[in-house]
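In what follows, a structure is listed as structure tokens, so that the remarks can point back to it.
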Amino acid sequence: MALPVRTFDAVIVGGGGSGMRAALELARADLKVAVLSKVFPTRSHTVAAQGGVAASLGNIDEDNWHWHMYDTIKGSDYLGDQDAIEFMCRKANEVVYELEHFGMPFDRLAGGKIYQRPFGGHMREYGKSPVPRACAAADRTGHALLHTLYQANLKARTQFFVEWMALDLIRAQDGTVLGVTALEMETGEVMVLQAKATVFATGGAGRIFAASTNAFINTGDGLGMAARAGIPLQDLEFWQFHPTGVAGAGVLITEGVRGEGGYLLNKNGERFMERYAPNAKDLASRDVVSRAMATEIKEGRGAGKDGDCILLKLDHLGEEVISKRLPGIREIAKTFANVDPVKDPIPVVPTCHYQMGGIPTNYRGQVVVPANGNPETVVPGFYAAGECACVSVHGANRLGCNSLLDLLVFGKSAGETVIRDLRSEGKSHRSLPGDASDLALSRLARLDGQKSGERVADVGADMRRVMQLHCGVFRFPDLLTEGVRKIKEVAERAGRTEITDKSRTFNTARVEALELDNLVETAVASLVSADARKESRGSHDRADFHQRDDVNWMKHTLWYKQGSRLEYKPVHRKPLTVEPFEPKARVY
């Protein structure tokens, strides 16, 4: 079946921060750009980011990018690639000032400079004490950032395809990526969007867990498409659990609360973080704080009627500070926890928040795979940025505020690389292969023809239960092994899901079934990778291997869908211009 074809210089899949930053770079270079988004761009998940963008501006206290780089490498538990981390930290000030010039409404200090607050794991003088590094717009930084980038893209005449879902990658015989097949939700029409450059900016897949701060749209679409096209997925055993999701709801309470002076208490009213991180205390890195909270709950010091949460206290900050710096948090606490933080503490629990792994890329935004003896061979025509990409700047654990920085730096970098590649090669569109749309159409045909199959909601719920139980804050060998078996059974069931609504117009049942395909690929990759890594590092904490093992496990995991097999590749230990930071014990 021949599908309609539309051609562009570049197709960007995802309308969040990294997608819009890449699009802006390309549109301003007078390239023909299409941005696909499942939702209106300003509803992309970047809008939910609260605390700030990390940059060593030094507007309140002395700071520099070397300290930021060290903090990021240490935070990554030395699994982050030091060349990419240096690139990100050196570019941080530039991209923040750019954003300011686009019109971003940052909070201001008395003299007019951008306001900065302390954030977990961000320290002065290579770990001595916390430093204010998070450039913030109250507690709605992502909201302000996304609207700023959307307005800049409108000015640059970027073309948006709103409520479109990319289905599958199109690859030539030699592996070059030539675009995507995509579904227009309004009409149910499937189309080929052909491009000289395809950029994935599809965000994370946090909905594989039962308790998550992620929006329902975070279904790992880029990861699923990449895996089905033969691209490996990197480091998906590393999932960040944010210490402060609202108990029972999962809605995020920004680390900025602790940056402004809030702190955690157990049921005895004890500031327990002083025992786990005597220097940084409540502003230690997220994996350290999450494990401390989980330990307090496990050992019987949890708060609430069931002893299953921790209390986040901020009433001592006063109503004026809370209303000025944390207005959204006050609204969230009232709505989802039924407490006013001006008077009472917020009940919180560690909640799945961010994927450190993703599609393997370099700091130029190019997707790289092992081929011909080179562990990082560039896939022609294919780029990725933001949470769906694994650069890897976050390694085994991401520092707060480095996610918004990541999407700005590498969204822009991917855009610059696309421009350079298209200009240097002077490329015209290549002919599409005869089977360009076969995979996407066969998946749709299976859904439409499936009889007496599984309910999408049931398979999705079982997937989330398996991930929550078997791949959480603490991981146990028998649970991991059993989890691999169970998640593979879930994946088999996902291959026979049935939808009863066969209509074309705004068929959300069909979209949810297609999203489940992508979630399941991510979940299998995560559990298989976690079971194989015999050490504890960053967010991956095993009960049978308590220590980090730099001799055997200082390497990135690569999971391939074909055969569910694993390969490994080296961590980049050499920065671009400075001396390497050697691994050492990670204490806060």
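Residue numbering restarts at 1 in every chain; chains get A, B, ... in the order shown in the structure tokens, and ligands count up from 1 in that same order.
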Point to revise | Residue contacts of segment 124-129 of chain A (9 Å, only C-alpha atoms) excluding same-chain residues fewer than 6 positions away, as a ChimeraX atom specification | key: /A:61-64,66-68,70-71,279-280,588
List as a PDB file with all heavy atoms, in the first residue's frame the protein and nucleic acid residues near segment 297-302 of chain A, meaning an atom at most 8 Å away when only C-alpha atoms are counted, but skip any in the same chain fewer than 6 places from it.
```
ATOM      1  N   ASN A 266      11.368  12.256  59.568  1.00  0.00           N
ATOM      2  CA  ASN A 266      10.696  10.972  59.741  1.00  0.00           C
ATOM      3  C   ASN A 266       9.569  11.130  60.770  1.00  0.00           C
ATOM      4  O   ASN A 266       9.289  12.236  61.238  1.00  0.00           O
ATOM      5  CB  ASN A 266      11.688   9.866  60.116  1.00  0.00           C
ATOM      6  CG  ASN A 266      12.424  10.138  61.417  1.00  0.00           C
ATOM      7  OD1 ASN A 266      11.952  10.907  62.269  1.00  0.00           O
ATOM      8  ND2 ASN A 266      13.583   9.515  61.580  1.00  0.00           N
ATOM      9  N   LYS A 267       8.935  10.018  61.156  1.00  0.00           N
ATOM     10  CA  LYS A 267       7.768  10.117  62.040  1.00  0.00           C
ATOM     11  C   LYS A 267       8.134  10.626  63.437  1.00  0.00           C
ATOM     12  O   LYS A 267       7.279  11.114  64.183  1.00  0.00           O
ATOM     13  CB  LYS A 267       7.069   8.760  62.149  1.00  0.00           C
ATOM     14  CG  LYS A 267       7.787   7.720  63.007  1.00  0.00           C
ATOM     15  CD  LYS A 267       6.926   6.481  63.185  1.00  0.00           C
ATOM     16  CE  LYS A 267       7.595   5.470  64.114  1.00  0.00           C
ATOM     17  NZ  LYS A 267       6.787   4.241  64.240  1.00  0.00           N
ATOM     18  N   ASN A 268       9.430  10.527  63.787  1.00  0.00           N
ATOM     19  CA  ASN A 268       9.887  11.004  65.093  1.00  0.00           C
ATOM     20  C   ASN A 268      10.250  12.485  65.082  1.00  0.00           C
ATOM     21  O   ASN A 268      10.743  13.010  66.084  1.00  0.00           O
ATOM     22  CB  ASN A 268      11.101  10.184  65.550  1.00  0.00           C
ATOM     23  CG  ASN A 268      10.799   8.701  65.609  1.00  0.00           C
ATOM     24  OD1 ASN A 268       9.701   8.309  66.004  1.00  0.00           O
ATOM     25  ND2 ASN A 268      11.762   7.872  65.211  1.00  0.00           N
ATOM     26  N   ASP A 308       4.185   4.787  55.641  1.00  0.00           N
ATOM     27  CA  ASP A 308       4.745   4.548  54.310  1.00  0.00           C
ATOM     28  C   ASP A 308       5.179   5.810  53.585  1.00  0.00           C
ATOM     29  O   ASP A 308       5.298   5.829  52.367  1.00  0.00           O
ATOM     30  CB  ASP A 308       3.734   3.776  53.460  1.00  0.00           C
ATOM     31  CG  ASP A 308       2.405   4.525  53.332  1.00  0.00           C
ATOM     32  OD1 ASP A 308       2.242   5.585  53.954  1.00  0.00           O
ATOM     33  OD2 ASP A 308       1.522   4.013  52.608  1.00  0.00           O
ATOM     34  N   CYS A 309       5.405   6.909  54.323  1.00  0.00           N
ATOM     35  CA  CYS A 309       5.846   8.144  53.668  1.00  0.00           C
ATOM     36  C   CYS A 309       6.793   8.913  54.596  1.00  0.00           C
ATOM     37  O   CYS A 309       7.014   8.541  55.750  1.00  0.00           O
ATOM     38  CB  CYS A 309       4.656   9.012  53.260  1.00  0.00           C
ATOM     39  SG  CYS A 309       3.717   9.672  54.653  1.00  0.00           S
ATOM     40  N   ILE A 310       7.350   9.987  54.066  1.00  0.00           N
ATOM     41  CA  ILE A 310       8.236  10.896  54.798  1.00  0.00           C
ATOM     42  C   ILE A 310       7.612  12.287  54.734  1.00  0.00           C
ATOM     43  O   ILE A 310       6.851  12.588  53.801  1.00  0.00           O
ATOM     44  CB  ILE A 310       9.654  10.877  54.171  1.00  0.00           C
ATOM     45  CG1 ILE A 310      10.294   9.496  54.355  1.00  0.00           C
ATOM     46  CG2 ILE A 310      10.542  11.973  54.730  1.00  0.00           C
ATOM     47  CD1 ILE A 310      10.603   9.100  55.782  1.00  0.00           C
TER      48      ILE A 310
END
```
Practice item. Considering only C-alpha atoms, return as JSON, numbers by chain whatever protein or nucleic-acid residues lie within 8 Å of segment 25-36 of chain A, sequence-local ones (same chain, fewer than 6 positions apart) excluded. Key: {"A": [8, 9, 10, 11, 12, 13, 14, 15, 19, 153, 156, 157, 158, 159, 160, 161, 162, 163, 164, 165, 166, 412, 415, 416, 418, 419]}
Once you have the residues from the selection above, write them out as a short mmCIF file (atom, residue, chain, number, x, y, z; two decimals), in the first residue's frame, restricted to N, CA, C and O atoms.
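Ended up saving to result.cif:
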```
data_model
loop_
_atom_site.label_atom_id
_atom_site.label_comp_id
_atom_site.auth_asym_id
_atom_site.auth_seq_id
_atom_site.Cartn_x
_atom_site.Cartn_y
_atom_site.Cartn_z
N PHE A 8 10.67 17.05 3.83
CA PHE A 8 11.22 18.16 4.63
C PHE A 8 12.73 18.03 4.67
O PHE A 8 13.29 16.97 4.42
N ASP A 9 13.38 19.15 4.99
CA ASP A 9 14.82 19.06 5.26
C ASP A 9 15.04 18.28 6.56
O ASP A 9 15.93 17.44 6.65
N ALA A 10 14.21 18.58 7.56
CA ALA A 10 14.35 17.89 8.85
C ALA A 10 12.98 17.63 9.46
O ALA A 10 12.11 18.50 9.42
N VAL A 11 12.81 16.44 10.02
CA VAL A 11 11.63 16.11 10.80
C VAL A 11 12.07 15.92 12.25
O VAL A 11 13.01 15.15 12.52
N ILE A 12 11.42 16.63 13.17
CA ILE A 12 11.72 16.50 14.59
C ILE A 12 10.52 15.85 15.26
O ILE A 12 9.40 16.35 15.16
N VAL A 13 10.75 14.72 15.92
CA VAL A 13 9.67 13.99 16.58
C VAL A 13 9.69 14.37 18.07
O VAL A 13 10.59 13.95 18.80
N GLY A 14 8.73 15.17 18.49
CA GLY A 14 8.66 15.63 19.86
C GLY A 14 8.70 17.14 19.93
O GLY A 14 9.61 17.77 19.38
N GLY A 15 7.71 17.73 20.60
CA GLY A 15 7.60 19.19 20.67
C GLY A 15 7.91 19.77 22.04
O GLY A 15 7.45 20.85 22.37
N GLY A 19 13.16 19.28 21.45
CA GLY A 19 12.65 19.34 20.08
C GLY A 19 12.51 20.77 19.59
O GLY A 19 12.89 21.10 18.46
N ASN A 153 9.86 29.85 18.16
CA ASN A 153 9.64 29.02 16.97
C ASN A 153 8.55 29.59 16.07
O ASN A 153 8.63 29.51 14.85
N ALA A 156 10.10 32.14 14.07
CA ALA A 156 10.98 31.57 13.04
C ALA A 156 10.21 30.77 11.98
O ALA A 156 10.81 30.21 11.08
N ARG A 157 8.86 30.70 12.14
CA ARG A 157 7.98 30.00 11.20
C ARG A 157 8.23 28.49 11.13
O ARG A 157 8.16 27.88 10.06
N THR A 158 8.51 27.89 12.26
CA THR A 158 8.57 26.43 12.35
C THR A 158 7.17 25.86 12.09
O THR A 158 6.18 26.41 12.53
N GLN A 159 7.12 24.74 11.37
CA GLN A 159 5.84 24.11 11.07
C GLN A 159 5.58 23.00 12.09
O GLN A 159 6.37 22.07 12.23
N PHE A 160 4.45 23.09 12.80
CA PHE A 160 4.09 22.10 13.82
C PHE A 160 3.00 21.17 13.30
O PHE A 160 2.01 21.62 12.72
N PHE A 161 3.17 19.88 13.52
CA PHE A 161 2.14 18.87 13.26
C PHE A 161 1.61 18.45 14.62
O PHE A 161 2.19 17.58 15.29
N VAL A 162 0.52 19.08 15.05
CA VAL A 162 0.00 18.86 16.40
C VAL A 162 -0.99 17.69 16.40
O VAL A 162 -1.84 17.58 15.51
N GLU A 163 -0.87 16.85 17.42
CA GLU A 163 -1.65 15.62 17.55
C GLU A 163 -1.36 14.66 16.40
O GLU A 163 -2.24 14.12 15.76
N TRP A 164 -0.07 14.48 16.18
CA TRP A 164 0.46 13.46 15.28
C TRP A 164 1.34 12.52 16.11
O TRP A 164 2.06 12.97 17.00
N MET A 165 1.31 11.25 15.79
CA MET A 165 2.15 10.27 16.47
C MET A 165 3.05 9.58 15.46
O MET A 165 2.56 8.97 14.50
N ALA A 166 4.36 9.68 15.68
CA ALA A 166 5.30 8.93 14.83
C ALA A 166 5.17 7.45 15.16
O ALA A 166 5.03 7.07 16.32
N LYS A 412 20.18 22.30 20.94
CA LYS A 412 20.89 23.25 20.08
C LYS A 412 22.02 22.55 19.31
O LYS A 412 22.20 22.77 18.11
N GLY A 415 20.76 20.54 16.46
CA GLY A 415 20.39 21.45 15.37
C GLY A 415 21.60 21.93 14.60
O GLY A 415 21.60 21.96 13.35
N GLU A 416 22.65 22.33 15.31
CA GLU A 416 23.87 22.81 14.65
C GLU A 416 24.51 21.70 13.81
O GLU A 416 25.01 21.95 12.70
N VAL A 418 22.96 19.08 12.41
CA VAL A 418 22.12 18.85 11.22
C VAL A 418 22.45 19.90 10.15
O VAL A 418 22.63 19.55 8.97
N ILE A 419 22.52 21.15 10.55
CA ILE A 419 22.84 22.22 9.59
C ILE A 419 24.18 21.96 8.92
O ILE A 419 24.32 22.04 7.69
#
```
Please produce, as CSV, a per-residue contact table for segment 108-225 of chain A versus segment 286-291 of chain A (criterion: any atom at most 12 Å away, only C-alpha atoms considered), showing the nearest atom pair and its distance in Å to one decimal, sorted by chain then residue number.
```
residue,atom,partner,partner_atom,distance
A:Phe119,CA,A:Arg286,CA,10.1
A:Gly120,CA,A:Arg286,CA,6.9
A:Gly121,CA,A:Arg286,CA,7.9
A:His122,CA,A:Arg286,CA,11.3
```
Exercise for review: Pick out the residues sitting within 10 Å of Leu480 of chain A, and hand them over as an MDAnalysis selection string; count only C-alpha atoms, and ignore anything fewer than 4 positions along from it in its own chain.
Suggested key: chainID A and resid 466:467 469:472 475:476 484:486 527:532 542
Just C-alpha atoms for this one: save the residues we selected as a compact mmCIF listing (two decimals), in the first residue's frame.
```txt
# COMPACT_ATOMS: atom_id res chain seq x y z
CA VAL A 466 6.24 -5.78 37.42
CA MET A 467 8.52 -2.73 37.06
CA LEU A 469 8.03 -4.51 42.31
CA HIS A 470 11.11 -5.83 40.54
CA CYS A 471 13.09 -2.74 39.47
CA GLY A 472 12.55 -0.10 42.20
CA ARG A 475 16.90 -4.26 43.76
CA PHE A 476 17.17 -7.90 44.84
CA VAL A 484 12.91 -10.54 33.54
CA ARG A 485 10.72 -13.62 33.10
CA LYS A 486 7.54 -11.72 33.95
CA LEU A 527 14.91 -5.29 33.51
CA VAL A 528 17.27 -7.31 31.29
CA SER A 529 19.97 -4.64 31.68
CA ALA A 530 19.43 -4.36 35.46
CA ASP A 531 19.57 -8.12 36.01
CA ALA A 532 22.88 -8.32 34.14
CA ARG A 542 21.61 -4.28 44.33
```
**Study point:** DSSP helix (DSSP H, G or I) residues within segment 92-244 of chain A, as a VMD selection string
**Key:** chain A and resid 92 to 102 141 to 155 206 to 208 221 to 228
Segment 223-319 of chain A residues near segment 206-218 of chain A within 10 Å, closest pair each, using only C-alpha atoms, as a tab-separated table:
```
residue	atom	partner	partner_atom	distance
A:Trp239	CA	A:Gly206	CA	8.5
A:Gln240	CA	A:Gly206	CA	9.4
A:Phe241	CA	A:Ser212	CA	8.5
A:His242	CA	A:Thr213	CA	8.2
A:Thr244	CA	A:Thr213	CA	9.5
A:Gly245	CA	A:Thr213	CA	6.7
A:Val246	CA	A:Thr213	CA	8.9
A:Ala247	CA	A:Ala211	CA	9.5
A:Gly248	CA	A:Ala211	CA	8.2
A:Ala249	CA	A:Ala211	CA	7.8
A:Gly250	CA	A:Thr213	CA	5.2
A:Val251	CA	A:Thr213	CA	5.1
A:Leu252	CA	A:Thr213	CA	5.5
A:Ile253	CA	A:Thr213	CA	9.2
```
**Study point:** Separation of atom CA of Val47 of chain A from atom CA of Ala337 of chain A in Å
**Key:** 21.1 Å
**Study point:** Separation of atom CA of Ala333 of chain A from atom CA of Gly220 of chain A, in Å and rounded to one decimal
**Key:**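 Value for the atom CA of Ala333 of chain A-atom CA of Gly220 of chain A distance: 28.3 Å.
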**Study point:** All residues 7 Å or closer to segment 76-78 of chain A, only C-alpha atoms, same chain fewer than 3 positions away omitted, as number ranges by chain
**Key:** A: 72-73, 394-398, 537-538, 583
